[in-house]
Structure formats: structure tokens, C-alpha cells
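Student: Can you read through this structure? Questions will come right after.
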Amino acid sequence: MKNFLKELKKFFYTKILRRKYYRTGSCKCCGKCCKKIYVKHAKGVIKEEKEFKKLQLLHPFYTYLEIIDKDETGLVFKCKNLDDETHKCKIHKSRPGICRRYPQEELFKMGGELAEDCGYKLEPIIPFKEVFEKVMKKH
Ligand code: SF4
Ligand code: SF4
């Protein structure tokens with residue numbers, strides 16, 4: 001029964017939700033993910049300030065962000081709603097959906113990664129060994 005439920009969960013996540021990772025763990029409220037943010041839109045990760053300015057007109061979340069750096073992935077933002085002393089979100093109860101759902105595996109597609117010591121983990125649903133064996137069988 002336990003194995004059946006495990007397989008059912010795997011089927012649901014991979015075939016229905018089309019996910020590659022299970023999210024486990026919980027938030028430790030360190031605030032690190034609000035200090036290093038990449039922004040992605042239809043054409044990819046935002047690399048120029050003028051692209052970002054246009055995006056700010058589309059959703060209030062983008063108005064919370066300020067540019068703090070630029071690296072090989074794109075512009076790096078920090079959220080103005082983060083309290084630097086407490087590391088807590090100043091609008092926690094009304095924070096946007098994107099913050100409520102964080103972290104999602106789309107993070108990897110944007111060249112991002114979980115912050116060091118983040119309380120969450122994104123664990124592959126199909127272990128690397130299993131993927132490797134399938135590929136080897138095909139060849
Ligand atoms: S709104 Fe709050 S949770 Fe969302 S990025 Fe800003 S500080 Fe973080
Ligand atoms: S980095 Fe992880 S543990 Fe820290 S606030 Fe963000 S989600 Fe929570």
C-alpha cells in the first residue's frame with residue numbers, strides 16, 4: 001500500500017503537474033531569498049534596466065524590487081519590503097503569490113539556486129541513477 005501511494009504521488013507530480021522535483025522542508029525566515037532575486041519574463045531573465053522598467057508597469061511585485069547588481073545570469077534585485085534588521089518581510093500577510101509559492105523548481109531554469117542554508121530542499125523525483133540507466137538502455 002505504501003509503495004502504491006508513493007508511485008501514485010510520483011505519477012501525479014511528474015505526469016499531471018509535470019514537476020521534476022519534490023519540495024521538502026520549511027522556511028527558516030532568514031530572508032536570504034529576498035536579497036538576491038532574478039526576474040524572468042517571456043524573453044528570459046531580465047538583463048537590462050529598461051526591460052525591467054516596462055515590467056514594473058505590469059505587476060506591483062516588480063515595484064518592490066531594486067537593482068543591486070548584475071552578473072552572468074542577469075540583473076540581481078533586492079526586495080525593499082525586507083526588514084534588514086529582523087530579516088522578515090514587512091508585508092508578510094499581504095505578500096504576493098510568487099513569494100507565497102517560493103521556492104519552485106523554475107528557479108533552476110533561471111540560473112538561480114536555493115540560498116545557502118535555506119530550510120527548503122528541491123529533491124529530484126526520479127533519482128539521477130534511474131535517469132542515467134534509462135538513457136543507457138536507449139543507447
Ligand atoms: S514581498 Fe516580502 S517575501 Fe516577497 S520578496 Fe519582498 S520581502 Fe521577500
Ligand atoms: S532562503 Fe529559504 S529559509 Fe531563508 S527566507 Fe528564503 S525560503 Fe525561507
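Just remember, in the C-alpha cells the first chain shown is A, the second B, etc., residues are 1-based per chain, and ligands are 1-based in the order shown.
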Residues contacting ligand 1 - anything with an atom at most 12 Å away, using only C-alpha atoms and all ligand atoms - can you give me those as JSON, numbers by chain?

Tutor: {"A": [27, 29, 30, 31, 32, 33, 34, 35, 36, 37, 38, 39, 60, 61, 62, 63, 64, 65, 66, 77, 78, 79, 80, 81, 82, 83, 84, 86, 87, 88, 89, 90, 91, 92, 93, 94, 95, 96, 97, 98, 99, 100, 101, 102, 103]}

Student: Give me a file of those residues, with N, CA and C atoms, as a CSV table (one decimal), in the first residue's frame.

Tutor:
chain,number,residue,atom,x,y,z
A,27,CYS,N,10.4,27.0,5.8
A,27,CYS,CA,11.2,28.3,5.8
A,27,CYS,C,11.8,28.6,7.2
A,29,CYS,N,13.0,31.6,7.8
A,29,CYS,CA,12.9,33.0,7.8
A,29,CYS,C,14.2,33.8,7.9
A,30,CYS,N,15.2,33.3,7.1
A,30,CYS,CA,16.5,34.0,7.1
A,30,CYS,C,16.5,35.2,6.2
A,31,GLY,N,15.5,35.3,5.3
A,31,GLY,CA,15.4,36.5,4.4
A,31,GLY,C,16.4,36.5,3.2
A,32,LYS,N,17.2,35.4,3.1
A,32,LYS,CA,18.2,35.5,2.0
A,32,LYS,C,17.7,35.5,0.6
A,33,CYS,N,16.5,34.8,0.4
A,33,CYS,CA,15.9,34.7,-0.9
A,33,CYS,C,15.3,36.1,-1.3
A,34,CYS,N,15.1,37.0,-0.4
A,34,CYS,CA,14.6,38.3,-0.8
A,34,CYS,C,15.7,39.3,-1.0
A,35,LYS,N,16.9,38.8,-0.9
A,35,LYS,CA,18.1,39.7,-1.1
A,35,LYS,C,18.8,39.4,-2.4
A,36,LYS,N,18.5,38.3,-3.0
A,36,LYS,CA,19.1,38.0,-4.3
A,36,LYS,C,18.1,37.4,-5.2
A,37,ILE,N,17.5,38.3,-6.0
A,37,ILE,CA,16.3,37.8,-6.9
A,37,ILE,C,16.7,38.1,-8.3
A,38,TYR,N,16.4,37.1,-9.2
A,38,TYR,CA,16.4,37.3,-10.6
A,38,TYR,C,15.0,37.4,-11.1
A,39,VAL,N,14.7,38.2,-12.2
A,39,VAL,CA,13.4,38.3,-12.7
A,39,VAL,C,13.4,37.7,-14.1
A,60,PRO,N,2.5,44.8,-9.4
A,60,PRO,CA,3.1,45.6,-8.2
A,60,PRO,C,4.3,44.9,-7.6
A,61,PHE,N,4.5,43.6,-7.7
A,61,PHE,CA,5.6,42.9,-7.2
A,61,PHE,C,6.9,43.5,-7.7
A,62,TYR,N,7.0,43.9,-9.0
A,62,TYR,CA,8.2,44.4,-9.5
A,62,TYR,C,8.5,45.8,-9.0
A,63,THR,N,7.5,46.5,-8.5
A,63,THR,CA,7.8,47.8,-7.9
A,63,THR,C,8.5,47.7,-6.6
A,64,TYR,N,8.5,46.5,-6.0
A,64,TYR,CA,9.1,46.3,-4.7
A,64,TYR,C,10.6,46.1,-4.8
A,65,LEU,N,11.1,45.9,-6.1
A,65,LEU,CA,12.4,45.4,-6.3
A,65,LEU,C,13.4,46.6,-6.6
A,66,GLU,N,14.6,46.5,-6.2
A,66,GLU,CA,15.6,47.5,-6.6
A,66,GLU,C,16.8,46.7,-7.1
A,77,PHE,N,18.3,41.6,-8.0
A,77,PHE,CA,17.4,42.6,-7.3
A,77,PHE,C,17.4,42.2,-5.8
A,78,LYS,N,17.0,43.2,-5.0
A,78,LYS,CA,16.7,43.0,-3.6
A,78,LYS,C,15.3,43.6,-3.4
A,79,CYS,N,14.5,43.0,-2.5
A,79,CYS,CA,13.2,43.5,-2.2
A,79,CYS,C,13.2,44.6,-1.1
A,80,LYS,N,12.5,45.7,-1.4
A,80,LYS,CA,12.5,46.8,-0.5
A,80,LYS,C,11.6,46.5,0.8
A,81,ASN,N,10.9,45.4,0.7
A,81,ASN,CA,10.0,45.1,1.8
A,81,ASN,C,10.7,44.2,2.9
A,82,LEU,N,11.9,43.9,2.6
A,82,LEU,CA,12.6,43.1,3.6
A,82,LEU,C,13.2,44.0,4.7
A,83,ASP,N,12.9,43.7,5.9
A,83,ASP,CA,13.4,44.4,7.1
A,83,ASP,C,14.9,43.9,7.3
A,84,ASP,N,15.8,44.8,7.1
A,84,ASP,CA,17.2,44.4,7.2
A,84,ASP,C,17.7,43.9,8.6
A,86,THR,N,15.5,42.5,11.1
A,86,THR,CA,14.8,41.3,11.6
A,86,THR,C,14.8,40.2,10.5
A,87,HIS,N,15.2,40.5,9.3
A,87,HIS,CA,15.2,39.6,8.1
A,87,HIS,C,13.7,39.1,7.8
A,88,LYS,N,12.8,39.9,8.2
A,88,LYS,CA,11.4,39.5,8.0
A,88,LYS,C,10.8,40.4,6.9
A,89,CYS,N,9.7,39.8,6.3
A,89,CYS,CA,9.0,40.6,5.3
A,89,CYS,C,8.1,41.6,6.0
A,90,LYS,N,8.1,42.8,5.5
A,90,LYS,CA,7.3,43.9,6.2
A,90,LYS,C,5.8,43.8,5.7
A,91,ILE,N,5.6,43.0,4.6
A,91,ILE,CA,4.2,42.9,4.2
A,91,ILE,C,3.8,41.4,4.2
A,92,HIS,N,4.3,40.7,5.1
A,92,HIS,CA,4.2,39.2,5.1
A,92,HIS,C,2.7,38.8,4.9
A,93,LYS,N,1.7,39.4,5.6
A,93,LYS,CA,0.4,38.9,5.4
A,93,LYS,C,-0.2,39.2,4.0
A,94,SER,N,0.3,40.2,3.4
A,94,SER,CA,-0.2,40.5,2.0
A,94,SER,C,0.8,40.4,0.9
A,95,ARG,N,1.8,39.5,1.2
A,95,ARG,CA,2.9,39.3,0.2
A,95,ARG,C,2.3,38.7,-1.0
A,96,PRO,N,2.9,39.0,-2.2
A,96,PRO,CA,2.4,38.4,-3.4
A,96,PRO,C,2.5,36.9,-3.5
A,97,GLY,N,1.7,36.3,-4.4
A,97,GLY,CA,1.6,34.9,-4.6
A,97,GLY,C,3.0,34.3,-4.9
A,98,ILE,N,3.8,35.0,-5.7
A,98,ILE,CA,5.1,34.5,-6.1
A,98,ILE,C,6.0,34.2,-4.8
A,99,CYS,N,5.8,35.1,-3.8
A,99,CYS,CA,6.5,34.9,-2.6
A,99,CYS,C,5.9,33.7,-1.7
A,100,ARG,N,4.6,33.6,-1.8
A,100,ARG,CA,4.0,32.5,-1.0
A,100,ARG,C,4.3,31.1,-1.6
A,101,ARG,N,4.5,31.1,-2.9
A,101,ARG,CA,4.8,29.8,-3.6
A,101,ARG,C,6.3,29.4,-3.6
A,102,TYR,N,7.2,30.4,-3.2
A,102,TYR,CA,8.6,30.2,-3.2
A,102,TYR,C,9.0,29.1,-2.2
A,103,PRO,N,10.0,28.2,-2.6
A,103,PRO,CA,10.7,28.1,-3.8
A,103,PRO,C,10.1,27.1,-4.8

Student: Let's see if you can do this: from backbone DSSP, list all strand (DSSP E) residues in chain A, as a list in words.

Tutor: Tyr21, Tyr22, Arg23, Thr24, Gly25, Lys40, His41, Gly44, Val45, Leu65, Glu66, Ile67, Ile68, Asp69, Lys70, Leu75, Val76, Phe77, Lys78, Cys79, Tyr120, Lys121, Leu122, Glu123 and Pro124 of chain A

Student: Between CA of Val76 (chain A) and CA of Glu106 (chain A), what is the spacing in Å?

Tutor: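 So the answer is 16.4 Å.
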
Student: Hey, what does DSSP flag as alpha helix (DSSP H) within chain A? Can you give it to me as number ranges by chain?

Tutor: A: 2-11, 49-56, 60-63, 97-101, 106-109, 128-138

Student: Could the residues of region 49-104 of chain A that have an atom at most 10 Å from region 111-116 of chain A be listed as a Markdown table, each with its closest atom pair and the distance in Å to one decimal, counting only C-alpha atoms and ordered by chain and ascending residue number?

Tutor:
| residue | atom | partner | partner_atom | distance |
| --- | --- | --- | --- | --- |
| A:Glu72 | CA | A:Gly111 | CA | 9.3 |
| A:Thr73 | CA | A:Gly111 | CA | 6.3 |
| A:Gly74 | CA | A:Gly111 | CA | 9.2 |
| A:Pro103 | CA | A:Leu114 | CA | 7.7 |
| A:Gln104 | CA | A:Leu114 | CA | 9.7 |

Student: Let me see the file: selected residues, N, CA and C atoms, as a tab-separated table (two decimals), in the first residue's frame.

Tutor:
chain	number	residue	atom	x	y	z
A	72	GLU	N	26.41	37.13	-14.56
A	72	GLU	CA	26.30	36.43	-15.85
A	72	GLU	C	24.87	35.95	-16.14
A	73	THR	N	24.02	35.82	-15.11
A	73	THR	CA	22.62	35.41	-15.33
A	73	THR	C	21.77	36.61	-15.74
A	74	GLY	N	21.96	37.73	-15.11
A	74	GLY	CA	21.16	38.92	-15.41
A	74	GLY	C	21.21	39.90	-14.25
A	103	PRO	N	10.02	28.21	-2.57
A	103	PRO	CA	10.72	28.10	-3.84
A	103	PRO	C	10.07	27.08	-4.76
A	104	GLN	N	10.08	27.39	-6.05
A	104	GLN	CA	9.61	26.45	-7.05
A	104	GLN	C	10.78	26.09	-7.96

Student: Got a sec: who's within 8 Å of Leu75 (chain A), counting only C-alpha atoms, leaving out chain neighbours fewer than 6 positions off, as a PDB file with N, CA and C atoms, in the first residue's frame?

Tutor:
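This went into result-v8.pdb:
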ATOM      1  N   TYR A  38      16.360  37.079  -9.183  1.00  0.00           N
ATOM      2  CA  TYR A  38      16.401  37.281 -10.633  1.00  0.00           C
ATOM      3  C   TYR A  38      14.958  37.394 -11.109  1.00  0.00           C
ATOM      4  N   VAL A  39      14.749  38.153 -12.171  1.00  0.00           N
ATOM      5  CA  VAL A  39      13.398  38.299 -12.702  1.00  0.00           C
ATOM      6  C   VAL A  39      13.357  37.740 -14.118  1.00  0.00           C
ATOM      7  N   VAL A  45      15.579  35.870 -18.614  1.00  0.00           N
ATOM      8  CA  VAL A  45      15.926  36.618 -17.405  1.00  0.00           C
ATOM      9  C   VAL A  45      16.252  38.071 -17.786  1.00  0.00           C
ATOM     10  N   ILE A  46      15.728  39.011 -17.003  1.00  0.00           N
ATOM     11  CA  ILE A  46      15.940  40.442 -17.277  1.00  0.00           C
ATOM     12  C   ILE A  46      17.417  40.803 -17.110  1.00  0.00           C
ATOM     13  N   LYS A  47      17.954  41.432 -18.163  1.00  0.00           N
ATOM     14  CA  LYS A  47      19.377  41.800 -18.121  1.00  0.00           C
ATOM     15  C   LYS A  47      19.587  43.314 -18.180  1.00  0.00           C
ATOM     16  N   GLU A  48      18.552  44.041 -18.618  1.00  0.00           N
ATOM     17  CA  GLU A  48      18.699  45.492 -18.777  1.00  0.00           C
ATOM     18  C   GLU A  48      17.652  46.245 -17.972  1.00  0.00           C
ATOM     19  N   GLU A  49      18.062  47.399 -17.445  1.00  0.00           N
ATOM     20  CA  GLU A  49      17.156  48.193 -16.616  1.00  0.00           C
ATOM     21  C   GLU A  49      15.913  48.645 -17.387  1.00  0.00           C
ATOM     22  N   ILE A  67      17.472  47.273  -8.091  1.00  0.00           N
ATOM     23  CA  ILE A  67      18.644  46.611  -8.685  1.00  0.00           C
ATOM     24  C   ILE A  67      19.836  46.787  -7.745  1.00  0.00           C
ATOM     25  N   ILE A  68      20.512  45.678  -7.445  1.00  0.00           N
ATOM     26  CA  ILE A  68      21.696  45.795  -6.589  1.00  0.00           C
ATOM     27  C   ILE A  68      22.970  45.303  -7.279  1.00  0.00           C
ATOM     28  N   ASP A  69      22.783  44.580  -8.397  1.00  0.00           N
ATOM     29  CA  ASP A  69      23.974  44.018  -9.044  1.00  0.00           C
ATOM     30  C   ASP A  69      23.589  43.502 -10.431  1.00  0.00           C
TER      31      ASP A  69
END

Student: Report, in Å to a single decimal, how far apart CA of Tyr22 (chain A) and CA of Ile126 (chain A) are.

Tutor: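 Value for the CA of Ile126 (chain A)-CA of Tyr22 (chain A) distance: 9.7 Å.
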
Student: Restricting the calculation to only C-alpha atoms: of A:Lys28, A:Phe12, A:Lys2, A:Met110, which residue gets closest to Lys43 (chain A)?

Tutor: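 Distance minimum relative to Lys43 (chain A) lands on A:Met110.
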